[in-house]
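Written out below as structure tokens is the structure these notes cover.
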2 protein chains.
Amino acid sequence: MSKISFYEAIQKIRDSNIPSIGDEIIFFGNSLDRVLNEDIFAKEDMPLFPVSSMDGYAFKIEYLEYFRQNGLEISQDNPAGSDFIELERYKAIKTFTGSLMPKNSDTLVIVESVEVKDNKIYLRENIQPKQGDWVRQRGDNYRSGEMLLSKGCKITPYEIGLLAELNYAFVRVRQKPKVGILVSGNEIIEVGEQRKHFGQVRNTNQHLLRAMIEKMGGVAVVYKNTHDNLDDIREIFSMMLRECDFIVTTGGMSKGDYDFTQNVILENSEVIFQGVDIKPGKPTIFAIDKNTNKPILGLSGNPNAVATTFYVFGKFIFSKLLQQEEHLKIVNAITQEEIKKKDLRMEFRSCFIKLVSGKYEISFMQKKSNQSAIINNLCGESALAILDKDFIDKNQEIKVILFKEFD
Amino acid sequence: MSKISFYEAIQKIRDSNIPSIGDEIIFFGNSLDRVLNEDIFAKEDMPLFPVSSMDGYAFKIEYLEYFRQNGLEISQDNPAGSDFIELERYKAIKTFTGSLMPKNSDTLVIVESVEVKDNKIYLRENIQPKQGDWVRQRGDNYRSGEMLLSKGCKITPYEIGLLAELNYAFVRVRQKPKVGILVSGNEIIEVGEQRKHFGQVRNTNQHLLRAMIEKMGGVAVVYKNTHDNLDDIREIFSMMLRECDFIVTTGGMSKGDYDFTQNVILENSEVIFQGVDIKPGKPTIFAIDKNTNKPILGLSGNPNAVATTFYVFGKFIFSKLLQQEEHLKIVNAITQEEIKKKDLRMEFRSCFIKLVSGKYEISFMQKKSNQSAIINNLCGESALAILDKDFIDKNQEIKVILFKEFD
């Protein structure tokens with residue numbers, strides 16, 4: 001199978017037939033960062049009746065002439081949280097922010113606009129009240145039946161606030177995709193484990209992926225490192241397919257004689273693409289299991305490649321599973337230096353990024369070259385520059401992926 | 001006290017003497033989204049010895065002439081995870097991605113560049129190996145003692161990956177600031193509670209703030225709504241000051257006779273500012289408790305105002321507590337329509353935002369006007385346009401705050 005371009009690969013994920021995730025009903029207060037699986041409608045007008053938007057005196061605009069000449073007697077207080085009270089003729093009611101406007105009133109004059117004397121208010125000079133001043137009218141925020149949130153929207157703190165206002169104690173959200181992680185390789189030892197010889201390296205990918213999956217809204221399940229044993233990989237693979245919604249593997253993807261993961265992926269699945277014309281991430285496999293249609297993403301073993309390819313491809317797979325709009329955040333940024341690239345492949349190169357007067361600027365000075373195995377390049381204020389030309393001058397605008405943003 | 005500008009208010013928070021939060025030692029796998037409280041150094045070079053970056057054959061560049069004329073005998077395999085093996089004279093060792101380079105070898109020729117016949121490799125035409133090809137040299141990623149992460153950095157999935165690689169099983173992070181929430185107002189009823197009359201409104205702010213605090217990296221503690229009773233507010237206030245690192249109140253901030261929260265804040269604290277020349281959020285108070293120096297942020301009761309002011313001021317207070325660099329994300333965006341503003345105050349107006357070919361575009365069409373009480377305007381793909389002029393034409397570049405981003 002020949003290599004395809006990055007954009008072709010993305011399109012193939014978009015077009016693929018991945019089964020979407022089911023939903024569940026949860027307490028709205030626990031729904032932060034979840035994906036809504038129902039449209040949310042207002043059950044009644046908001047405000048339901050005219051409400052004062054400031055502290056002041058409620059009166060009727062009809063009384064304005066009388067008000068100017070004689071003032072209005074303050075009949076009572078109307079603090080927020082009171083039930084309806086009724087305004088009498090040629091009187092005013094002291095009404096506070098958020099209070100229901102008294103029956104028979106239609107206008108508020110704010111405290112700053114009047115003088116109070118002997119329990120009467122008098123309009124200050126040059127104050128010209130108009131009907132409806134400082135009153136939030138029925139339905140100003142929304143009308144009963146109006147759709148306020150739609151299926152597939154991500155619940156942020158502001159959506160939580162709205163759900164509270166709407167009195168939605170429970171909401172239907174999509175389940176969190178369960179993502180199986182299989183890290184393979186004889187060379188890998190766990191954090192904290194004693195190294196037996198210098199050919200061993202720490203397990204980086206498993207921890208990296210677990211955290212990325214969490215930030216993408218999934219639940220990671222880490223399976224046993226099979227140490228490049230074909231039968232073990234087969235067994236774990238079928239377990240993962242039973243238990244998870246999406247499988248990601250790292251390592252075992254090059255042409256080496258000890259790379260069994262690739263073989264197991266190829267055995268039971270339809271390969272959608274194998275090999276993408278990008279750096280890093282050339283050997284990436286995207287496949288669909290023949291029995292379950294579950295997506296399988298096979299990544300090479302270098303941590304930088306894992307981080308980059310899981311971000312750019314994994315995000316699209318998550319969007320399919322969650323039936324969510326995709327949102328790879330790609331922004332324009334100004335290059336601070338010349339950029340050269342030898343490889344013909346499109347490259348995602350880690351850069352330092354900062355916002356200067358509202359514009360993104362990128363630089364490669366603080367980054368190590370020869371990036372593909374280097375996880376430290378991705379730390380701090382970083383983004384992925386998309387390099388599709390051999391040479392890019394400085395002060396040019398190029399596209400970068402904000403790959404540290406998961407919101 | 002007269003009103004100050006937004007930028008003056010921010011500067012006053014920056015200059016204030018807020019005690020910073022302590023630290024704690026946690027398992028690195030649980031450190032996602034936490035703020036590092038130690039500098040992280042490499043304990044050894046990475047790689048520690050030269051390593052193969054591809055599948056191929058390790059040999060010594062000295063043998064190149066011999067290699068060209070006679071080929072090299074393959075003496076053995078060297079899979080990833082093996083200990084050092086030694087290369088014999090005029091031989092090659094099959095060496096896989098990530099394997100230690102054999103002792104006495106210095107160069108790798110990749111599998112694609114040779115022909116294998118009778119257990120010997122022969123160079124293909126036009127292949128010109130150079131010393132060190134496809135070898136990651138000692139310290140290419142980092143050197144022992146090199147600082148890789150610094151105090152105050154936020155731990156994202158990529159930092160988690162690096163910590164694993166570095167074998168940091170435990171890390172020192174800043175504690176999560178404990179933020180006490182006091183929502184006051186007689187009019188407020190809880191989600192799910194039966195409404196007794198139409199003057200009552202749902203508790204929105206408490207849920208909104210709790211979620212915002214969580215996204216900012218804090219822990220919210222919600223205190224009892226004191227229903228505008230002065231003695232109760234006093235008592236709860238001193239409890240909050242004992243138990244929390246930061247106090248936020250909503251409601252009770254206008255000039256109304258039933259607004260006791262403001263009075264209690266003023267009683268025992270040094271007011272840093274009261275009243276900011278912004279919309280929404282004019283009555284905002286920022287104060288420091290006289291006994292504990294703990295910060296107190298008093299916000300007005302409208303949910304939109306709470307969301308906006310807690311984002312712009314709360315984020316700076318969090319940065320102080322966590323001794324973290326501030327990062328209000330302000331980007332340039334192109335206006336899709338004319339914008340008019342009546343109020344003299346600088347306004348944060350909610351807008352719809354999207355990325356079009358790497359540029360942010362904003363529009364107000366889908367938003368309700370008269371925004372200050374309207375939480376629904378903040379939902380979906382939204383940002384806060386900073387309006388500092390009475391009139392802004394369309395197709396102009398203005399500054400917007402990406403207030404839905406907490407990363």
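How things are named: the first chain in the structure tokens is A, the next is B, and so on; residues count from 1 in each chain; ligands count from 1 in the order shown.
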Distance filter 7 Å, only C-alpha atoms, chain A against chain B, as a VMD selection string:
chain A and resid 29 32 55 80 to 83 96 99 to 100 141 148 153 157 to 162 164 to 165 167 169 186 to 187 191 to 192 197 to 200 202 to 205 207 to 208 211 to 212 256 330 to 332 358 to 359 374 to 376 378 to 380 399 405 407
Can you tell me which residues surround Lys340 (chain B) at a distance of at most 12 Å, considering only C-alpha atoms, apart from same-chain residues fewer than 3 positions away, and format the answer as a ChimeraX atom specification?
/B:335,337,343-344,347,349,364,369,387-394
Output the selection as a short mmCIF file (atom, residue, chain, number, x, y, z; two decimals), in the first residue's frame - C-alpha atoms for each residue.
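Result file part.cif:
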data_model
loop_
_atom_site.label_atom_id
_atom_site.label_comp_id
_atom_site.auth_asym_id
_atom_site.auth_seq_id
_atom_site.Cartn_x
_atom_site.Cartn_y
_atom_site.Cartn_z
CA THR B 335 -14.92 41.77 12.90
CA GLU B 337 -19.98 43.43 11.33
CA ASP B 343 -21.52 52.94 27.41
CA LEU B 344 -18.27 54.83 28.02
CA GLU B 347 -16.75 46.39 27.36
CA ARG B 349 -18.82 41.59 24.74
CA PHE B 364 -22.30 39.10 17.13
CA SER B 369 -27.89 42.10 22.97
CA LEU B 387 -14.49 46.98 22.96
CA ASP B 388 -12.68 50.18 23.84
CA LYS B 389 -14.16 52.44 21.16
CA ASP B 390 -17.71 53.64 20.50
CA PHE B 391 -17.65 52.40 16.95
CA ILE B 392 -15.65 49.68 15.23
CA ASP B 393 -16.09 49.10 11.53
CA LYS B 394 -16.37 45.70 9.96
#
Quick one: everything within 9 Å of Phe67 (chain A), counting only C-alpha atoms, minus sequence neighbours fewer than 3 positions away in the same chain. Send it as a PyMOL selection string.
chain A and resi 63-64+70-72+90-91+121-123
Write a file of the just-selected residues containing C-alpha atoms, as a PDB file, in the first residue's frame.
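What follows is the written file result-v4.pdb:
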ATOM      1  CA  TYR A  63     -47.063  59.142  36.049  1.00  0.00           C
ATOM      2  CA  LEU A  64     -44.067  60.937  34.569  1.00  0.00           C
ATOM      3  CA  ASN A  70     -44.927  66.427  42.725  1.00  0.00           C
ATOM      4  CA  GLY A  71     -42.502  63.556  43.169  1.00  0.00           C
ATOM      5  CA  LEU A  72     -43.744  60.080  43.975  1.00  0.00           C
ATOM      6  CA  TYR A  90     -48.840  57.977  41.777  1.00  0.00           C
ATOM      7  CA  LYS A  91     -46.519  55.954  43.946  1.00  0.00           C
ATOM      8  CA  ILE A 121     -38.542  60.634  45.320  1.00  0.00           C
ATOM      9  CA  TYR A 122     -37.905  63.635  43.080  1.00  0.00           C
ATOM     10  CA  LEU A 123     -36.319  63.436  39.621  1.00  0.00           C
TER      11      LEU A 123
END
Selection: 9 Å around Lys130 (chain B), only C-alpha atoms, excl. self and same-chain fewer than 6 positions, as a ChimeraX atom specification:
/B:61,107-108
Could the residues in this selection be saved with N, CA, C and O atoms as a compact mmCIF listing (two decimals), in the first residue's frame?
# COMPACT_ATOMS: atom_id res chain seq x y z
N ILE B 61 32.86 2.63 9.98
CA ILE B 61 33.08 3.36 8.73
C ILE B 61 34.46 3.01 8.13
O ILE B 61 34.64 3.02 6.92
N THR B 107 28.40 3.37 12.64
CA THR B 107 27.56 3.80 11.52
C THR B 107 26.50 2.73 11.24
O THR B 107 26.74 1.54 11.48
N LEU B 108 25.33 3.20 10.80
CA LEU B 108 24.28 2.25 10.43
C LEU B 108 23.96 2.42 8.95
O LEU B 108 23.89 3.55 8.44
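Residues surrounding Thr226 (chain B) within 8 Å are Val183, Ser184, Gly185, Lys224, Asp228, Asn229, Asp232 and Ile233 of chain B [only C-alpha atoms; sequence separation below 2 positions excluded].
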From the options B:Glu338, B:Ile25, B:Ile353, B:Asn78, which residue's atoms come nearest to Asn395 (chain B), counting only C-alpha atoms?
B:Glu338
Return as a count of residues only the full set of residues in region 129-375 of chain A whose backbone-based DSSP assignment is strand (DSSP E or B).
74
Could you pull the residues within 10 Å of Pro177 (chain B), counting only C-alpha atoms, minus those fewer than 6 positions along the same chain, as a list in words?
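These residues fall inside the cut-off: Ser20, Ile21, Gly22, Ile213, Glu214, Met216, Gly217, Gly218, Val219, Ala220, Cys244, Asp245, Phe246, Phe318, Leu321 and Leu322 of chain B.
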Next, write the just-selected residues to a file, as a PDB file, in the first residue's frame, keeping N, CA and C atoms as the atom set.
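And here's out.pdb as it stands now:
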ATOM      1  N   SER B  20       1.434  32.824  48.655  1.00  0.00           N
ATOM      2  CA  SER B  20       1.336  31.743  47.670  1.00  0.00           C
ATOM      3  C   SER B  20       1.041  30.430  48.361  1.00  0.00           C
ATOM      4  N   ILE B  21       0.605  29.492  47.548  1.00  0.00           N
ATOM      5  CA  ILE B  21       0.150  28.182  48.009  1.00  0.00           C
ATOM      6  C   ILE B  21       1.365  27.291  48.301  1.00  0.00           C
ATOM      7  N   GLY B  22       1.212  26.369  49.233  1.00  0.00           N
ATOM      8  CA  GLY B  22       2.267  25.400  49.518  1.00  0.00           C
ATOM      9  C   GLY B  22       2.362  24.322  48.455  1.00  0.00           C
ATOM     10  N   ILE B 213     -13.452  27.190  38.583  1.00  0.00           N
ATOM     11  CA  ILE B 213     -12.360  26.979  39.540  1.00  0.00           C
ATOM     12  C   ILE B 213     -11.668  25.649  39.264  1.00  0.00           C
ATOM     13  N   GLU B 214     -12.475  24.641  38.962  1.00  0.00           N
ATOM     14  CA  GLU B 214     -11.883  23.341  38.633  1.00  0.00           C
ATOM     15  C   GLU B 214     -10.989  23.454  37.399  1.00  0.00           C
ATOM     16  N   MET B 216      -9.480  26.028  36.328  1.00  0.00           N
ATOM     17  CA  MET B 216      -8.299  26.845  36.615  1.00  0.00           C
ATOM     18  C   MET B 216      -7.303  26.108  37.516  1.00  0.00           C
ATOM     19  N   GLY B 217      -7.671  24.917  37.957  1.00  0.00           N
ATOM     20  CA  GLY B 217      -6.738  24.135  38.762  1.00  0.00           C
ATOM     21  C   GLY B 217      -6.953  24.267  40.256  1.00  0.00           C
ATOM     22  N   GLY B 218      -8.118  24.725  40.658  1.00  0.00           N
ATOM     23  CA  GLY B 218      -8.415  24.857  42.078  1.00  0.00           C
ATOM     24  C   GLY B 218      -9.441  23.844  42.543  1.00  0.00           C
ATOM     25  N   VAL B 219      -9.744  23.932  43.828  1.00  0.00           N
ATOM     26  CA  VAL B 219     -10.799  23.106  44.406  1.00  0.00           C
ATOM     27  C   VAL B 219     -11.828  24.059  44.991  1.00  0.00           C
ATOM     28  N   ALA B 220     -13.069  23.913  44.582  1.00  0.00           N
ATOM     29  CA  ALA B 220     -14.112  24.820  45.050  1.00  0.00           C
ATOM     30  C   ALA B 220     -14.779  24.269  46.304  1.00  0.00           C
ATOM     31  N   CYS B 244     -10.097  28.472  53.494  1.00  0.00           N
ATOM     32  CA  CYS B 244      -9.777  28.582  52.059  1.00  0.00           C
ATOM     33  C   CYS B 244      -8.578  29.487  51.802  1.00  0.00           C
ATOM     34  N   ASP B 245      -8.096  29.435  50.554  1.00  0.00           N
ATOM     35  CA  ASP B 245      -6.963  30.268  50.133  1.00  0.00           C
ATOM     36  C   ASP B 245      -7.426  31.524  49.411  1.00  0.00           C
ATOM     37  N   PHE B 246      -8.678  31.535  49.009  1.00  0.00           N
ATOM     38  CA  PHE B 246      -9.170  32.593  48.126  1.00  0.00           C
ATOM     39  C   PHE B 246     -10.687  32.548  48.261  1.00  0.00           C
ATOM     40  N   PHE B 318      -5.312  33.425  40.571  1.00  0.00           N
ATOM     41  CA  PHE B 318      -4.760  32.063  40.536  1.00  0.00           C
ATOM     42  C   PHE B 318      -3.261  32.074  40.230  1.00  0.00           C
ATOM     43  N   LEU B 321      -1.445  32.970  43.354  1.00  0.00           N
ATOM     44  CA  LEU B 321      -1.473  31.886  44.330  1.00  0.00           C
ATOM     45  C   LEU B 321      -0.531  30.763  43.923  1.00  0.00           C
ATOM     46  N   LEU B 322      -0.495  30.482  42.631  1.00  0.00           N
ATOM     47  CA  LEU B 322       0.301  29.360  42.119  1.00  0.00           C
ATOM     48  C   LEU B 322       1.692  29.789  41.670  1.00  0.00           C
TER      49      LEU B 322
END
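CA of Glu325 (chain B) lies 19.6 Å from CA of Ser363 (chain A).
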